[in-house]
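Q: Here's a structure for you.
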Amino acid sequence: MKKVILTMGLLCLISSGYGQSLQLPTVDPVTLESLPAAVSRSIELKEFEKAALQASDFIIASPVNEVNDEKVKASKGYLLGWMQDSPDFNFAVDHTIAVFEDNDPLMWIYMACMAKYTIEHKEQSGNTDYIKLGTWELVAGYIDNPDNRVAKTEKLNMLCNAYRSGELDAFLKSL
């Protein structure tokens, strides 16, 4: 079911009515089944979650121009596979990602922020509005940080202004 939700979310993303051509770069997901049997049996599910958090942190720590770098590719593959296979969490992408326009690397930042925020706030993992707002706070903080070298479009500037002024929730609802 989680694979269906994530796949449908990504399909909606790609074919959204907003005329966006946003597509994720090709990354092979790493599934729990693709790991050697001895490894997958010996590692607790919590370790997979811990590794997903580390992968998210690594992606978020990378400036936007390095998100498609080969060094980050393994983290993205692991994170995508974990998000699809996680029995404890559901991940849904909605229309608000239209704010990225054609910036594919920012979609990876969004996915990493969503995984990070969800893992760090497990008790709220069923509260989609809470997770969505927290995810966007992380994304806006990333975009607003000059060290990440994000070229800001008008929409991204609006996102960052809403974040700085504490009006992020209202901004997201207006999209």
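Letters for chains follow the order of the structure tokens (A, B, ...), residue numbers begin at 1 for each chain, and ligand numbers begin at 1 in the order shown.
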Do a neighbour search on range 159-167 of chain A at 7 Å with only C-alpha atoms, toss out local chain neighbours closer than 2 positions, and write the hits as a list of chain:residue names.

A: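 The filter keeps A:Glu137, A:Ala140, A:Asp144, A:Lys155, A:Leu156, A:Asn157, A:Asp169, A:Ala170, A:Phe171.
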
Q: Calculated over only C-alpha atoms, which of the candidates A:Ile119, A:Ala151, A:Leu79, A:Met111 has the smallest distance to Asn65 in chain A?

A: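 Of all the options, A:Ala151 lies closest to Asn65 in chain A.
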
Q: To one decimal place, how far is CA of Asp57 in chain A from CA of Glu70 in chain A in Å?

A: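 Separation between CA of Asp57 in chain A and CA of Glu70 in chain A: 16.2 Å.
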
Q: Could you check the closest approach to Tyr117 in chain A for each of A:Val67, A:Asn103, A:Asp85, A:Leu133 and tell me which residue wins, using only C-alpha atoms?

A: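 Under the stated criterion, the closest residue is A:Leu133.
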
Q: What is the CA of Met158 in chain A to CA of Ala61 in chain A distance in Å?

A: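 Computed distance, CA of Met158 in chain A to CA of Ala61 in chain A, equals 22.7 Å.
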
Q: For CA of Ser86 in chain A and CA of Val72 in chain A, quote the distance in Å rounded to one decimal.

A: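 Those two atoms sit 20.8 Å apart.
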
Q: From the set A:Ser125, A:Thr118, A:Gln54, A:Thr153, which residue has the shortest atom-to-atom contact distance to Leu138 in chain A, counting only C-alpha atoms?

A: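 Of A:Ser125, A:Thr118, A:Gln54, A:Thr153, the one nearest Leu138 in chain A is A:Thr118, counting only C-alpha atoms.
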
Q: Using only C-alpha atoms, which residue out of A:Lys173, A:Arg149, A:Ala115, A:Asp104 lies closest to Gln84 in chain A?

A: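 Among A:Lys173, A:Arg149, A:Ala115, A:Asp104, it is A:Ala115 that comes nearest to Gln84 in chain A.
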
Q: Using only C-alpha atoms, which residue out of A:Tyr110, A:Ser56, A:Glu154, A:Phe89 lies closest to Glu123 in chain A?

A: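 Ranking A:Tyr110, A:Ser56, A:Glu154, A:Phe89 by distance to Glu123 in chain A, first place goes to A:Phe89.
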
Q: When DSSP is applied to the backbone of this structure, which of range 59-146 of chain A are assigned helix (DSSP H, G or I)? Write them out as an NGL selection string.

A: :A and (59-60 or 64-66 or 70-85 or 95-100 or 104-120 or 122-124 or 128-144 or 146)

Q: Counting only C-alpha atoms, figure out which residue out of A:Val93, A:Ala52, A:Ala98, A:Leu175 gets nearest to Thr128 in chain A.

A: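 Ranked by minimum distance to Thr128 in chain A, first place goes to A:Val93.
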